[in-house]
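J.: Please find data-v9.cif (mmCIF, C-alpha atoms (C1' of nucleotides)) on the next line:
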```
data_query
#
loop_
_atom_site.label_atom_id
_atom_site.label_comp_id
_atom_site.auth_asym_id
_atom_site.auth_seq_id
_atom_site.Cartn_x
_atom_site.Cartn_y
_atom_site.Cartn_z
CA MET A 1 52.11 85.33 156.75
CA ASN A 2 49.39 83.09 157.99
CA ALA A 3 51.95 80.38 158.60
CA THR A 4 53.99 82.74 160.71
CA LEU A 5 51.00 83.74 162.78
CA MET A 6 49.89 80.16 163.28
CA ALA A 7 53.33 79.21 164.49
CA LEU A 8 53.51 82.11 166.90
CA ALA A 9 50.00 81.67 168.21
CA GLU A 10 50.79 78.67 170.36
CA PRO A 11 51.73 79.89 173.86
CA ASN A 12 54.71 77.62 174.44
CA ARG A 13 55.98 78.27 170.97
CA LEU A 14 55.83 81.98 171.63
CA ARG A 15 57.86 81.44 174.80
CA ILE A 16 60.44 79.52 172.81
CA VAL A 17 60.69 82.31 170.26
CA GLU A 18 61.10 84.89 172.98
CA LEU A 19 63.80 82.78 174.55
CA LEU A 20 65.61 82.52 171.24
CA ARG A 21 65.38 86.25 170.85
CA ASP A 22 68.19 86.63 173.36
CA ARG A 23 70.49 84.10 171.75
CA PRO A 24 70.56 80.77 169.91
CA ARG A 25 70.11 77.78 172.17
CA PRO A 26 70.23 74.00 172.09
CA VAL A 27 67.03 72.01 172.58
CA GLY A 28 67.85 70.79 176.04
CA GLU A 29 68.44 74.25 177.37
CA ILE A 30 65.13 75.47 176.03
CA ALA A 31 63.36 72.54 177.65
CA LYS A 32 65.04 73.18 180.96
CA ARG A 33 64.43 76.91 181.02
CA LEU A 34 60.80 76.64 180.04
CA ARG A 35 60.17 73.51 182.08
CA LEU A 36 58.91 71.63 179.08
CA ARG A 37 59.64 68.04 178.15
CA GLN A 38 62.23 67.56 175.50
CA PRO A 39 60.00 65.82 172.94
CA GLN A 40 57.46 68.63 173.01
CA VAL A 41 60.21 71.19 172.54
CA SER A 42 61.51 69.27 169.55
CA LYS A 43 58.03 69.19 168.11
CA HIS A 44 57.50 72.88 168.61
CA LEU A 45 60.84 73.59 167.03
CA ARG A 46 59.78 71.47 164.11
CA VAL A 47 56.72 73.60 163.61
CA LEU A 48 58.75 76.78 163.93
CA SER A 49 61.24 75.40 161.47
CA ASP A 50 58.57 74.44 158.95
CA ALA A 51 57.20 77.94 159.22
CA GLY A 52 60.65 79.30 158.51
CA LEU A 53 60.93 81.00 161.87
CA VAL A 54 64.05 79.21 163.02
CA ASP A 55 67.25 77.75 161.69
CA MET A 56 69.27 74.85 163.07
CA ARG A 57 72.92 73.99 163.23
CA PRO A 58 74.17 70.71 164.60
CA VAL A 59 77.07 70.82 166.99
CA ALA A 60 78.07 67.35 168.10
CA GLN A 61 74.83 65.75 169.32
CA GLN A 62 73.36 69.13 170.05
CA ARG A 63 71.11 71.04 167.71
CA ILE A 64 71.38 74.74 168.12
CA TYR A 65 68.35 76.71 167.07
CA GLN A 66 68.27 80.36 166.17
CA LEU A 67 65.68 82.79 164.92
CA ARG A 68 65.50 83.78 161.29
CA SER A 69 64.82 87.40 160.56
CA GLU A 70 62.80 87.10 157.38
CA PRO A 71 59.42 86.15 158.86
CA PHE A 72 59.68 88.99 161.32
CA ASP A 73 60.47 91.38 158.55
CA GLU A 74 57.42 90.18 156.67
CA LEU A 75 55.25 90.55 159.72
CA ASP A 76 56.57 94.05 159.99
CA THR A 77 55.75 94.84 156.39
CA TRP A 78 52.30 93.42 156.85
CA LEU A 79 51.75 95.59 159.88
CA GLU A 80 52.69 98.62 157.84
CA THR A 81 49.65 98.18 155.67
CA PHE A 82 47.62 98.81 158.79
CA ARG A 83 49.39 101.75 160.28
CA ARG A 84 48.35 104.10 157.50
CA ARG A 85 44.67 103.28 157.30
CA MET A 86 44.43 103.17 161.04
CA THR A 87 44.49 106.91 161.52
CA ASP A 88 41.36 107.90 159.69
CA ARG A 89 39.46 104.78 160.60
CA MET A 90 37.13 106.45 163.07
CA ASP A 91 36.52 109.42 160.86
CA ARG A 92 35.37 107.07 158.16
CA LEU A 93 33.04 105.23 160.47
CA ASP A 94 31.43 108.48 161.47
CA ASP A 95 31.29 109.32 157.85
CA LEU A 96 29.64 106.06 156.96
CA ILE A 97 27.01 106.49 159.62
CA SER A 98 26.32 110.05 158.59
CA LYS A 99 25.79 109.00 155.04
CA ARG A 100 23.38 106.26 156.00
CA LYS A 101 21.41 108.59 158.19
CA ALA A 102 21.31 111.16 155.46
CA LYS A 103 20.15 108.57 153.00
CA LYS A 104 17.40 107.50 155.34
CA GLU A 105 16.35 111.05 155.91
CA ARG A 106 16.11 111.55 152.21
CA GLU A 107 14.04 108.41 151.81
CA LYS A 108 11.82 109.40 154.66
CA ASP A 109 11.29 112.85 153.19
CA HIS A 110 10.70 111.34 149.83
CA GLY A 111 8.12 108.96 151.17
CA HIS A 112 6.10 111.67 152.93
CA MET B 1 50.01 89.68 172.81
CA ASN B 2 49.37 86.00 172.75
CA ALA B 3 45.65 86.73 172.54
CA THR B 4 46.23 88.93 169.53
CA LEU B 5 48.28 86.28 167.77
CA MET B 6 45.78 83.55 168.51
CA ALA B 7 42.98 85.65 167.09
CA LEU B 8 44.93 86.44 163.94
CA ALA B 9 46.16 82.90 163.41
CA GLU B 10 42.85 81.57 162.11
CA PRO B 11 42.81 81.96 158.30
CA ASN B 12 39.27 83.23 157.93
CA ARG B 13 39.73 85.58 160.82
CA LEU B 14 42.80 86.97 159.14
CA ARG B 15 40.79 87.52 155.99
CA ILE B 16 38.19 89.38 157.99
CA VAL B 17 40.82 91.59 159.56
CA GLU B 18 42.31 92.34 156.18
CA LEU B 19 38.89 93.19 154.87
CA LEU B 20 38.29 95.55 157.76
CA ARG B 21 41.60 97.21 157.07
CA ASP B 22 40.02 99.00 154.16
CA ARG B 23 37.00 100.23 156.03
CA PRO B 24 34.49 99.28 158.73
CA ARG B 25 31.82 96.90 157.54
CA PRO B 26 28.60 95.27 158.72
CA VAL B 27 28.51 91.52 159.35
CA GLY B 28 26.47 90.67 156.30
CA GLU B 29 28.83 92.39 153.96
CA ILE B 30 31.80 90.54 155.39
CA ALA B 31 30.00 87.24 155.00
CA LYS B 32 29.08 88.01 151.43
CA ARG B 33 32.51 89.19 150.38
CA LEU B 34 34.34 86.29 151.95
CA ARG B 35 31.68 83.75 151.04
CA LEU B 36 31.25 82.68 154.62
CA ARG B 37 28.03 81.89 156.43
CA GLN B 38 26.75 84.60 158.63
CA PRO B 39 26.91 82.65 161.91
CA GLN B 40 30.57 81.79 161.43
CA VAL B 41 31.36 85.41 160.70
CA SER B 42 29.59 86.47 163.87
CA LYS B 43 31.58 83.91 165.82
CA HIS B 44 34.85 85.04 164.35
CA LEU B 45 33.98 88.61 165.09
CA ARG B 46 33.22 87.59 168.65
CA VAL B 47 36.70 86.15 169.00
CA LEU B 48 38.25 89.22 167.45
CA SER B 49 36.22 91.39 169.76
CA ASP B 50 37.22 89.43 172.85
CA ALA B 51 40.82 89.81 171.81
CA GLY B 52 40.29 93.54 171.51
CA LEU B 53 40.99 93.59 167.83
CA VAL B 54 37.69 95.07 166.74
CA ASP B 55 35.04 97.49 167.89
CA MET B 56 31.35 97.44 167.12
CA ARG B 57 28.70 100.08 166.61
CA PRO B 58 25.07 99.21 166.09
CA VAL B 59 23.26 101.03 163.32
CA ALA B 60 19.65 99.92 163.13
CA GLN B 61 19.78 96.13 162.95
CA GLN B 62 23.23 96.23 161.52
CA ARG B 63 26.39 95.87 163.55
CA ILE B 64 29.29 97.71 162.05
CA TYR B 65 32.71 96.37 162.94
CA GLN B 66 35.96 98.25 162.75
CA LEU B 67 39.54 97.56 163.66
CA ARG B 68 41.06 98.92 166.82
CA SER B 69 44.59 100.22 166.56
CA GLU B 70 45.91 99.29 170.01
CA PRO B 71 46.60 95.60 169.41
CA PHE B 72 48.44 96.40 166.21
CA ASP B 73 50.50 98.98 168.02
CA GLU B 74 51.38 96.41 170.63
CA LEU B 75 52.31 93.89 168.00
CA ASP B 76 54.53 96.53 166.51
CA THR B 77 56.19 97.26 169.82
CA TRP B 78 56.74 93.57 170.37
CA LEU B 79 58.33 93.24 166.97
CA GLU B 80 60.73 96.02 167.87
CA THR B 81 62.27 93.87 170.55
CA PHE B 82 63.36 91.55 167.78
CA ARG B 83 64.65 93.98 165.23
CA ARG B 84 67.64 94.98 167.34
CA ARG B 85 68.87 91.56 168.38
CA MET B 86 68.28 90.24 164.91
CA THR B 87 71.33 91.85 163.37
CA ASP B 88 74.09 90.21 165.37
CA ARG B 89 72.31 86.91 165.73
CA MET B 90 74.44 85.01 163.28
CA ASP B 91 77.64 86.53 164.55
CA ARG B 92 76.78 85.24 167.96
CA LEU B 93 76.04 81.78 166.74
CA ASP B 94 79.40 81.62 165.04
CA ASP B 95 80.86 82.95 168.19
CA LEU B 96 79.16 80.31 170.28
CA ILE B 97 80.36 77.53 168.06
CA SER B 98 83.89 78.87 167.98
CA LYS B 99 83.95 78.96 171.74
CA ARG B 100 82.74 75.40 172.06
CA LYS B 101 85.25 74.17 169.57
CA ALA B 102 87.98 76.07 171.33
CA LYS B 103 86.88 74.60 174.60
CA LYS B 104 86.99 71.12 173.20
CA GLU B 105 90.40 71.70 171.70
CA ARG B 106 91.64 72.77 175.06
CA GLU B 107 90.16 69.74 176.74
CA LYS B 108 91.60 67.47 174.11
CA ASP B 109 95.01 69.05 174.46
CA HIS B 110 94.73 68.87 178.16
CA GLY B 111 93.84 65.20 178.12
CA HIS B 112 96.78 64.25 175.93
"C1'" DA C 1 82.45 48.49 171.30
"C1'" DA C 2 79.71 49.81 175.15
"C1'" DA C 3 77.52 53.25 177.64
"C1'" DG C 4 75.65 57.54 177.89
"C1'" DA C 5 74.16 62.22 176.24
"C1'" DA C 6 71.21 64.99 173.13
"C1'" DT C 7 67.59 64.96 170.08
"C1'" DA C 8 63.87 63.39 166.80
"C1'" DT C 9 59.90 60.65 165.85
"C1'" DG C 10 55.93 57.48 166.31
"C1'" DC C 11 51.74 56.34 168.58
"C1'" DC C 12 48.02 57.31 171.62
"C1'" DT C 13 44.69 60.17 174.04
"C1'" DT C 14 42.22 64.21 174.99
"C1'" DG C 15 40.55 68.88 174.52
"C1'" DA C 16 39.65 72.83 171.84
"C1'" DC C 17 37.78 74.90 168.10
"C1'" DA C 18 35.72 75.71 163.50
"C1'" DG C 19 31.90 74.68 160.61
"C1'" DG C 20 26.79 73.46 160.00
"C1'" DT C 21 22.07 74.18 161.12
"C1'" DA C 22 18.32 75.83 163.73
"C1'" DT C 23 16.59 79.31 166.51
"C1'" DA C 24 16.39 83.47 169.40
"C1'" DT C 25 16.66 88.53 169.36
"C1'" DT C 26 16.24 93.13 167.83
"C1'" DC C 27 14.88 96.62 164.85
"C1'" DC C 28 12.75 98.48 160.73
"C1'" DT C 29 8.91 98.98 157.46
"C1'" DC C 30 4.24 98.78 156.04
"C1'" DG D 1 1.48 94.47 165.04
"C1'" DA D 2 2.89 91.48 161.38
"C1'" DG D 3 6.46 90.32 158.47
"C1'" DG D 4 11.00 90.61 157.23
"C1'" DA D 5 15.97 91.92 157.63
"C1'" DA D 6 20.34 91.62 160.20
"C1'" DT D 7 22.74 89.46 163.67
"C1'" DA D 8 23.87 86.56 167.80
"C1'" DT D 9 23.75 82.24 170.12
"C1'" DA D 10 23.02 77.30 171.26
"C1'" DC D 11 23.90 72.74 170.12
"C1'" DC D 12 26.01 69.09 167.57
"C1'" DT D 13 29.82 67.00 165.06
"C1'" DG D 14 34.33 66.17 163.16
"C1'" DT D 15 38.99 67.39 162.96
"C1'" DC D 16 43.34 68.61 164.35
"C1'" DA D 17 46.90 69.62 167.29
"C1'" DA D 18 49.36 69.48 171.80
"C1'" DG D 19 50.93 66.73 175.55
"C1'" DG D 20 52.66 62.17 177.40
"C1'" DC D 21 55.51 58.30 176.84
"C1'" DA D 22 58.41 54.99 174.64
"C1'" DT D 23 61.80 54.38 171.35
"C1'" DA D 24 64.92 55.20 167.46
"C1'" DT D 25 69.00 57.78 166.03
"C1'" DT D 26 73.36 59.96 166.22
"C1'" DC D 27 77.45 61.42 168.29
"C1'" DT D 28 80.96 61.30 172.24
"C1'" DT D 29 83.76 59.35 175.46
"C1'" DT D 30 86.36 55.87 177.52
#
```
Written as C-alpha coordinates, how would this file's structure read?

T.:
Amino acid sequence: MNATLMALAEPNRLRIVELLRDRPRPVGEIAKRLRLRQPQVSKHLRVLSDAGLVDMRPVAQQRIYQLRSEPFDELDTWLETFRRRMTDRMDRLDDLISKRKAKKEREKDHGH
Amino acid sequence: MNATLMALAEPNRLRIVELLRDRPRPVGEIAKRLRLRQPQVSKHLRVLSDAGLVDMRPVAQQRIYQLRSEPFDELDTWLETFRRRMTDRMDRLDDLISKRKAKKEREKDHGH
DNA sequence: AAAGAATATGCCTTGACAGGTATATTCCTC
DNA sequence: GAGGAATATACCTGTCAAGGCATATTCTTT
(Lines of atoms letter the chains of each structure in order from A and count residues from 1; the text may use other names and numbers.)
(Lines give C-alpha, C1' and ligand atoms only; values in the text may rest on other atoms or scores of the structure.)
Protein backbone atom coordinates (compact mmCIF):
# COMPACT_ATOMS: atom_id res chain seq x y z
CA MET A 1 0.00 0.00 0.00
CA ASN A 2 2.64 2.40 1.10
CA ALA A 3 4.81 1.29 -1.79
CA THR A 4 2.02 2.04 -4.21
CA LEU A 5 1.49 5.49 -2.79
CA MET A 6 5.18 6.30 -2.80
CA ALA A 7 5.44 5.30 -6.43
CA LEU A 8 2.44 7.38 -7.42
CA ALA A 9 3.45 10.40 -5.40
CA GLU A 10 6.16 11.53 -7.78
CA PRO A 11 4.62 13.97 -10.29
CA ASN A 12 6.29 12.63 -13.43
CA ARG A 13 5.57 9.10 -12.38
CA LEU A 14 1.93 9.97 -11.98
CA ARG A 15 1.94 11.41 -15.50
CA ILE A 16 3.44 8.19 -16.80
CA VAL A 17 0.78 6.14 -15.08
CA GLU A 18 -1.96 8.32 -16.48
CA LEU A 19 -0.45 7.96 -19.91
CA LEU A 20 -0.37 4.19 -19.56
CA ARG A 21 -3.98 4.25 -18.50
CA ASP A 22 -4.98 4.76 -22.11
CA ARG A 23 -2.84 1.98 -23.51
CA PRO A 24 0.51 0.20 -23.12
CA ARG A 25 3.42 2.13 -24.55
CA PRO A 26 7.12 1.75 -25.27
CA VAL A 27 9.63 3.81 -23.31
CA GLY A 28 10.52 6.14 -26.14
CA GLU A 29 6.95 7.12 -26.76
CA ILE A 30 6.42 7.96 -23.12
CA ALA A 31 9.54 10.09 -23.11
CA LYS A 32 8.45 11.93 -26.22
CA ARG A 33 4.90 12.56 -25.10
CA LEU A 34 5.87 13.78 -21.67
CA ARG A 35 8.97 15.60 -22.86
CA LEU A 36 11.18 13.71 -20.49
CA ARG A 37 14.62 12.30 -21.18
CA GLN A 38 14.74 8.63 -21.87
CA PRO A 39 16.97 7.65 -18.93
CA GLN A 40 14.67 9.32 -16.43
CA VAL A 41 11.68 7.56 -17.93
CA SER A 42 13.46 4.24 -17.64
CA LYS A 43 14.25 4.99 -14.03
CA HIS A 44 10.69 5.95 -13.23
CA LEU A 45 9.46 2.82 -14.91
CA ARG A 46 11.87 0.87 -12.79
CA VAL A 47 10.36 2.30 -9.66
CA LEU A 48 6.86 1.64 -10.92
CA SER A 49 7.87 -1.88 -11.79
CA ASP A 50 9.42 -2.53 -8.38
CA ALA A 51 6.22 -1.30 -6.81
CA GLY A 52 4.28 -3.74 -8.95
CA LEU A 53 2.41 -1.01 -10.77
CA VAL A 54 3.54 -1.93 -14.25
CA ASP A 55 4.45 -4.92 -16.35
CA MET A 56 6.87 -5.10 -19.26
CA ARG A 57 7.05 -7.08 -22.45
CA PRO A 58 9.97 -6.86 -24.82
CA VAL A 59 9.22 -6.51 -28.48
CA ALA A 60 12.40 -6.38 -30.53
CA GLN A 61 14.50 -3.66 -28.88
CA GLN A 62 11.42 -2.01 -27.51
CA ARG A 63 10.06 -2.56 -24.04
CA ILE A 64 6.36 -2.12 -23.83
CA TYR A 65 5.02 -1.16 -20.45
CA GLN A 66 1.50 -1.62 -19.23
CA LEU A 67 -0.36 -1.04 -16.01
CA ARG A 68 -1.13 -3.87 -13.65
CA SER A 69 -4.53 -3.85 -12.05
CA GLU A 70 -3.72 -5.36 -8.67
CA PRO A 71 -2.24 -2.31 -6.95
CA PHE A 72 -5.18 -0.23 -8.04
CA ASP A 73 -7.55 -2.81 -6.69
CA GLU A 74 -5.72 -2.73 -3.39
CA LEU A 75 -5.83 1.02 -3.29
CA ASP A 76 -9.53 0.74 -3.89
CA THR A 77 -9.99 -1.72 -1.06
CA TRP A 78 -7.98 0.50 1.21
CA LEU A 79 -10.16 3.46 0.34
CA GLU A 80 -13.21 1.44 1.26
CA THR A 81 -12.11 1.33 4.86
CA PHE A 82 -12.50 5.08 4.86
CA ARG A 83 -15.79 5.51 3.11
CA ARG A 84 -17.78 3.96 5.93
CA ARG A 85 -16.30 5.80 8.86
CA MET A 86 -16.32 9.02 6.93
CA THR A 87 -20.01 9.62 7.28
CA ASP A 88 -20.33 9.94 11.01
CA ARG A 89 -16.97 11.55 11.48
CA MET A 90 -18.30 15.00 12.26
CA ASP A 91 -21.00 13.72 14.52
CA ARG A 92 -18.36 11.98 16.56
CA LEU A 93 -16.23 15.07 16.81
CA ASP A 94 -19.18 17.02 18.12
CA ASP A 95 -19.81 14.16 20.42
CA LEU A 96 -16.26 14.14 21.68
CA ILE A 97 -16.33 17.84 22.38
CA SER A 98 -19.66 17.61 24.15
CA LYS A 99 -18.36 14.91 26.39
CA ARG A 100 -15.28 16.87 27.31
CA LYS A 101 -17.30 19.94 28.08
CA ALA A 102 -19.68 17.91 30.15
CA LYS A 103 -16.81 16.36 32.01
CA LYS A 104 -15.37 19.76 32.73
CA GLU A 105 -18.69 21.06 33.88
CA ARG A 106 -18.96 18.17 36.25
CA GLU A 107 -15.48 18.79 37.59
CA LYS A 108 -16.18 22.46 37.95
CA ASP A 109 -19.41 21.77 39.82
CA HIS A 110 -17.67 19.23 41.92
CA GLY A 111 -14.91 21.63 42.82
CA HIS A 112 -17.29 24.39 43.94
CA MET B 1 -4.63 14.71 -6.58
CA ASN B 2 -0.90 14.78 -6.68
CA ALA B 3 -0.93 16.74 -3.43
CA THR B 4 -3.05 14.08 -1.82
CA LEU B 5 -0.74 11.31 -2.95
CA MET B 6 2.36 13.13 -1.83
CA ALA B 7 0.87 13.68 1.60
CA LEU B 8 -0.11 10.03 1.94
CA ALA B 9 3.17 8.67 0.62
CA GLU B 10 5.14 9.37 3.79
CA PRO B 11 4.94 6.28 6.04
CA ASN B 12 4.36 8.04 9.33
CA ARG B 13 1.83 10.32 7.74
CA LEU B 14 -0.02 7.30 6.45
CA ARG B 15 -0.04 5.87 9.95
CA ILE B 16 -1.49 9.10 11.25
CA VAL B 17 -4.21 9.06 8.63
CA GLU B 18 -5.07 5.49 9.47
CA LEU B 19 -5.22 6.38 13.11
CA LEU B 20 -7.56 9.26 12.39
CA ARG B 21 -9.76 6.94 10.39
CA ASP B 22 -11.10 5.54 13.63
CA ARG B 23 -11.84 8.86 15.23
CA PRO B 24 -10.58 12.43 15.58
CA ARG B 25 -7.69 12.80 17.98
CA PRO B 26 -5.56 15.47 19.62
CA VAL B 27 -1.89 15.79 18.68
CA GLY B 28 -0.54 14.37 21.89
CA GLU B 29 -2.56 11.23 21.60
CA ILE B 30 -1.34 10.62 18.08
CA ALA B 31 2.24 11.09 19.17
CA LYS B 32 1.82 8.71 22.06
CA ARG B 33 0.09 6.00 20.09
CA LEU B 34 2.53 6.08 17.21
CA ARG B 35 5.55 6.65 19.43
CA LEU B 36 6.51 9.77 17.57
CA ARG B 37 7.79 13.02 19.01
CA GLN B 38 5.26 15.74 19.29
CA PRO B 39 7.00 18.22 16.96
CA GLN B 40 7.20 15.72 14.12
CA VAL B 41 3.53 14.90 14.54
CA SER B 42 2.67 18.59 14.37
CA LYS B 43 4.73 18.91 11.21
CA HIS B 44 3.09 15.93 9.60
CA LEU B 45 -0.30 17.27 10.51
CA ARG B 46 0.68 20.56 8.94
CA VAL B 47 1.45 18.81 5.68
CA LEU B 48 -1.78 16.86 5.85
CA SER B 49 -3.65 20.04 6.57
CA ASP B 50 -2.05 21.91 3.67
CA ALA B 51 -3.03 19.05 1.42
CA GLY B 52 -6.59 19.35 2.67
CA LEU B 53 -6.59 15.92 4.19
CA VAL B 54 -7.39 16.98 7.73
CA ASP B 55 -9.34 19.57 9.65
CA MET B 56 -8.58 21.00 13.06
CA ARG B 57 -10.66 22.24 15.95
CA PRO B 58 -9.13 23.78 19.02
CA VAL B 59 -10.45 22.64 22.36
CA ALA B 60 -8.70 24.43 25.19
CA GLN B 61 -4.99 23.97 24.51
CA GLN B 62 -5.65 20.85 22.56
CA ARG B 63 -5.97 20.73 18.79
CA ILE B 64 -8.24 17.98 17.62
CA TYR B 65 -7.58 16.72 14.12
CA GLN B 66 -10.01 14.86 11.94
CA LEU B 67 -10.04 13.56 8.41
CA ARG B 68 -11.79 15.40 5.65
CA SER B 69 -13.70 13.29 3.17
CA GLU B 70 -13.19 15.33 0.00
CA PRO B 71 -9.66 14.21 -0.87
CA PHE B 72 -10.64 10.59 -0.42
CA ASP B 73 -13.63 11.09 -2.64
CA GLU B 74 -11.39 12.59 -5.28
CA LEU B 75 -8.96 9.73 -4.99
CA ASP B 76 -11.89 7.42 -5.47
CA THR B 77 -13.06 9.27 -8.55
CA TRP B 78 -9.56 9.18 -9.96
CA LEU B 79 -9.37 5.46 -9.39
CA GLU B 80 -12.59 5.04 -11.33
CA THR B 81 -10.88 6.24 -14.47
CA PHE B 82 -8.67 3.20 -14.19
CA ARG B 83 -11.18 0.52 -13.37
CA ARG B 84 -12.80 0.65 -16.80
CA ARG B 85 -9.72 0.59 -18.99
CA MET B 86 -8.15 -2.02 -16.78
CA THR B 87 -10.22 -4.90 -18.10
CA ASP B 88 -9.20 -4.91 -21.74
CA ARG B 89 -5.65 -3.82 -21.09
CA MET B 90 -4.07 -7.17 -21.77
CA ASP B 91 -6.20 -7.81 -24.80
CA ARG B 92 -4.93 -4.60 -26.24
CA LEU B 93 -1.34 -5.42 -25.58
CA ASP B 94 -1.72 -8.72 -27.35
CA ASP B 95 -3.44 -6.85 -30.08
CA LEU B 96 -0.64 -4.34 -30.35
CA ILE B 97 1.98 -7.04 -30.55
CA SER B 98 0.03 -8.99 -33.12
CA LYS B 99 -0.24 -5.91 -35.27
CA ARG B 100 3.45 -5.20 -35.10
CA LYS B 101 4.32 -8.75 -35.94
CA ALA B 102 1.88 -8.71 -38.81
CA LYS B 103 3.37 -5.48 -40.02
CA LYS B 104 6.83 -6.93 -39.93
CA GLU B 105 5.70 -10.04 -41.74
CA ARG B 106 4.27 -7.89 -44.44
CA GLU B 107 7.45 -5.88 -44.74
CA LYS B 108 9.53 -9.01 -44.82
CA ASP B 109 7.34 -10.53 -47.49
CA HIS B 110 7.39 -7.32 -49.37
CA GLY B 111 11.16 -7.11 -49.28
CA HIS B 112 11.66 -10.62 -50.58
C1' DA C 1 29.97 -7.43 -39.20
C1' DA C 2 28.99 -2.63 -38.92
C1' DA C 3 25.90 0.88 -37.94
C1' DG C 4 22.03 2.42 -35.82
C1' DA C 5 17.77 2.19 -32.86
C1' DA C 6 15.73 1.47 -28.23
C1' DT C 7 16.57 0.98 -23.60
C1' DA C 8 18.94 0.26 -19.03
C1' DT C 9 22.40 1.52 -15.77
C1' DG C 10 26.21 3.92 -13.39
C1' DC C 11 28.00 8.07 -11.49
C1' DC C 12 27.58 12.74 -10.03
C1' DT C 13 25.27 16.79 -8.19
C1' DT C 14 21.71 19.22 -6.03
C1' DG C 15 17.44 20.07 -3.58
C1' DA C 16 13.86 18.63 -0.65
C1' DC C 17 12.34 16.72 3.33
C1' DA C 18 12.13 14.13 7.73
C1' DG C 19 13.97 13.84 12.26
C1' DG C 20 16.13 16.11 16.51
C1' DT C 21 16.24 19.74 19.82
C1' DA C 22 15.18 24.10 21.66
C1' DT C 23 11.95 27.59 22.11
C1' DA C 24 7.77 30.36 21.38
C1' DT C 25 2.75 30.51 22.08
C1' DT C 26 -1.62 29.78 24.09
C1' DC C 27 -4.67 28.32 27.49
C1' DC C 28 -5.91 26.23 31.86
C1' DT C 29 -5.55 25.72 36.88
C1' DC C 30 -4.43 27.16 41.42
C1' DG D 1 -0.12 35.86 37.82
C1' DA D 2 2.73 31.84 38.21
C1' DG D 3 3.36 27.36 36.76
C1' DG D 4 2.30 23.82 33.85
C1' DA D 5 0.08 21.43 29.84
C1' DA D 6 -0.53 21.08 24.81
C1' DT D 7 0.99 22.47 20.54
C1' DA D 8 3.44 25.05 16.79
C1' DT D 9 7.59 26.74 14.81
C1' DA D 10 12.52 27.77 13.89
C1' DC D 11 16.90 26.04 13.02
C1' DC D 12 20.21 22.51 12.11
C1' DT D 13 21.69 18.16 10.07
C1' DG D 14 21.77 14.01 7.36
C1' DT D 15 19.73 11.31 3.92
C1' DC D 16 17.67 10.10 -0.16
C1' DA D 17 15.90 10.59 -4.50
C1' DA D 18 15.37 12.93 -9.06
C1' DG D 19 17.62 14.95 -12.92
C1' DG D 20 21.69 15.22 -16.17
C1' DC D 21 25.00 12.90 -18.84
C1' DA D 22 27.82 9.24 -20.52
C1' DT D 23 27.95 4.59 -21.51
C1' DA D 24 26.76 -0.32 -21.70
C1' DT D 25 23.55 -3.63 -23.73
C1' DT D 26 20.60 -5.77 -26.97
C1' DC D 27 18.32 -6.27 -31.18
C1' DT D 28 17.62 -4.98 -36.27
C1' DT D 29 18.87 -4.03 -40.68
C1' DT D 30 21.72 -4.01 -44.55

J.: Once the PyMOL selection byres ((chain D) within 10 of (chain B)) has been evaluated on this model, what residues remain selected, and can you format them as a list in words?

T.: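 So the PyMOL selection byres ((chain D) within 10 of (chain B)) ends up selecting DA5, DA6, DT7, DA8 and DT9 of chain D.
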
J.: As a check of understanding, name the residues that the PyMOL selection byres ((chain C) within 8 of (chain A)) selects in the supplied structure, as an mmCIF file with C-alpha atoms (C1' of nucleotides), in the coordinates of the input.

T.:
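This went into part38.cif:
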```cif
data_model
loop_
_atom_site.group_PDB
_atom_site.id
_atom_site.type_symbol
_atom_site.label_atom_id
_atom_site.label_comp_id
_atom_site.auth_asym_id
_atom_site.auth_seq_id
_atom_site.Cartn_x
_atom_site.Cartn_y
_atom_site.Cartn_z
ATOM 1 C "C1'" DA C 5 74.160 62.220 176.240
ATOM 2 C "C1'" DA C 6 71.210 64.990 173.130
ATOM 3 C "C1'" DT C 7 67.590 64.960 170.080
ATOM 4 C "C1'" DA C 8 63.870 63.390 166.800
#
```

J.: Which residues of chain B are close to chain A, meaning at most 6 Å apart when you count only C-alpha atoms, and how do they look as a PyMOL selection string?

T.: chain B and resi 5-6+9

J.: Any chance you can output those residues with C-alpha atoms as an mmCIF file, in the coordinates of the input?

T.:
```cif
data_model
loop_
_atom_site.group_PDB
_atom_site.id
_atom_site.type_symbol
_atom_site.label_atom_id
_atom_site.label_comp_id
_atom_site.auth_asym_id
_atom_site.auth_seq_id
_atom_site.Cartn_x
_atom_site.Cartn_y
_atom_site.Cartn_z
ATOM 1 C CA LEU B 5 48.280 86.280 167.770
ATOM 2 C CA MET B 6 45.780 83.550 168.510
ATOM 3 C CA ALA B 9 46.160 82.900 163.410
#
```

J.: Which of these residues is nearest to A:Gln40, using all atoms listed in the file: D:DA24, D:DT30, D:DA2, D:DA18?

T.: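 Counting all atoms listed in the file, the residue closest to A:Gln40 is D:DA18.
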
J.: Let me know the residues the PyMOL selection byres ((chain D and resi 21) around 10) catches in the file above, as a PDB file with C-alpha atoms (C1' of nucleotides), in the coordinates of the input.

T.:
```
ATOM      1  CA  PRO A  39      60.000  65.820 172.940  1.00  0.00           C
TER       2      PRO A  39
ATOM      3  C1'  DC C  11      51.740  56.340 168.580  1.00  0.00           C
ATOM      4  C1'  DC C  12      48.020  57.310 171.620  1.00  0.00           C
TER       5       DC C  12
ATOM      6  C1'  DG D  19      50.930  66.730 175.550  1.00  0.00           C
ATOM      7  C1'  DG D  20      52.660  62.170 177.400  1.00  0.00           C
ATOM      8  C1'  DA D  22      58.410  54.990 174.640  1.00  0.00           C
ATOM      9  C1'  DT D  23      61.800  54.380 171.350  1.00  0.00           C
TER      10       DT D  23
END
```

J.: Skipping near chain neighbours, those fewer than 4 positions away, what residues fall within 12 Å of C:DC30 using only C-alpha atoms (C1' of nucleotides), listed as number ranges by chain?

T.: A: 111; D: 1-4

J.: State, in Å with one decimal place, the distance from atom CA of A:Ala31 to atom CA of A:Arg13.

T.: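 Rounded to one decimal, the two atoms are 11.5 Å apart.
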
J.: What does the distance between atom CA of A:Arg33 and atom CA of A:Leu19 come to in Å, to one decimal place?

T.: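 The value is 8.8 Å.
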
J.: To one decimal place in Å, what is the distance between atom CA of B:Val54 and atom C1' of C:DG20?

T.: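 Atom CA of B:Val54 sits 25.1 Å away from atom C1' of C:DG20.
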
J.: Go ahead and fit an axis-aligned box to every listed atom of stretch 46-50 of chain A plus 8 Å each side, and pass me the centre and edge lengths in Å, one decimal, as AutoDock Vina command-line options.

T.:
```
--center_x 59.0 --center_y 74.1 --center_z 161.5 --size_x 20.5 --size_y 21.3 --size_z 21.2
```

J.: Counting only C-alpha atoms (C1' of nucleotides), which of C:DA1, C:DA16, C:DT9, C:DT26 gets nearest to D:DT25?

T.: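 Counting only C-alpha atoms (C1' of nucleotides), the residue closest to D:DT25 is C:DT9.
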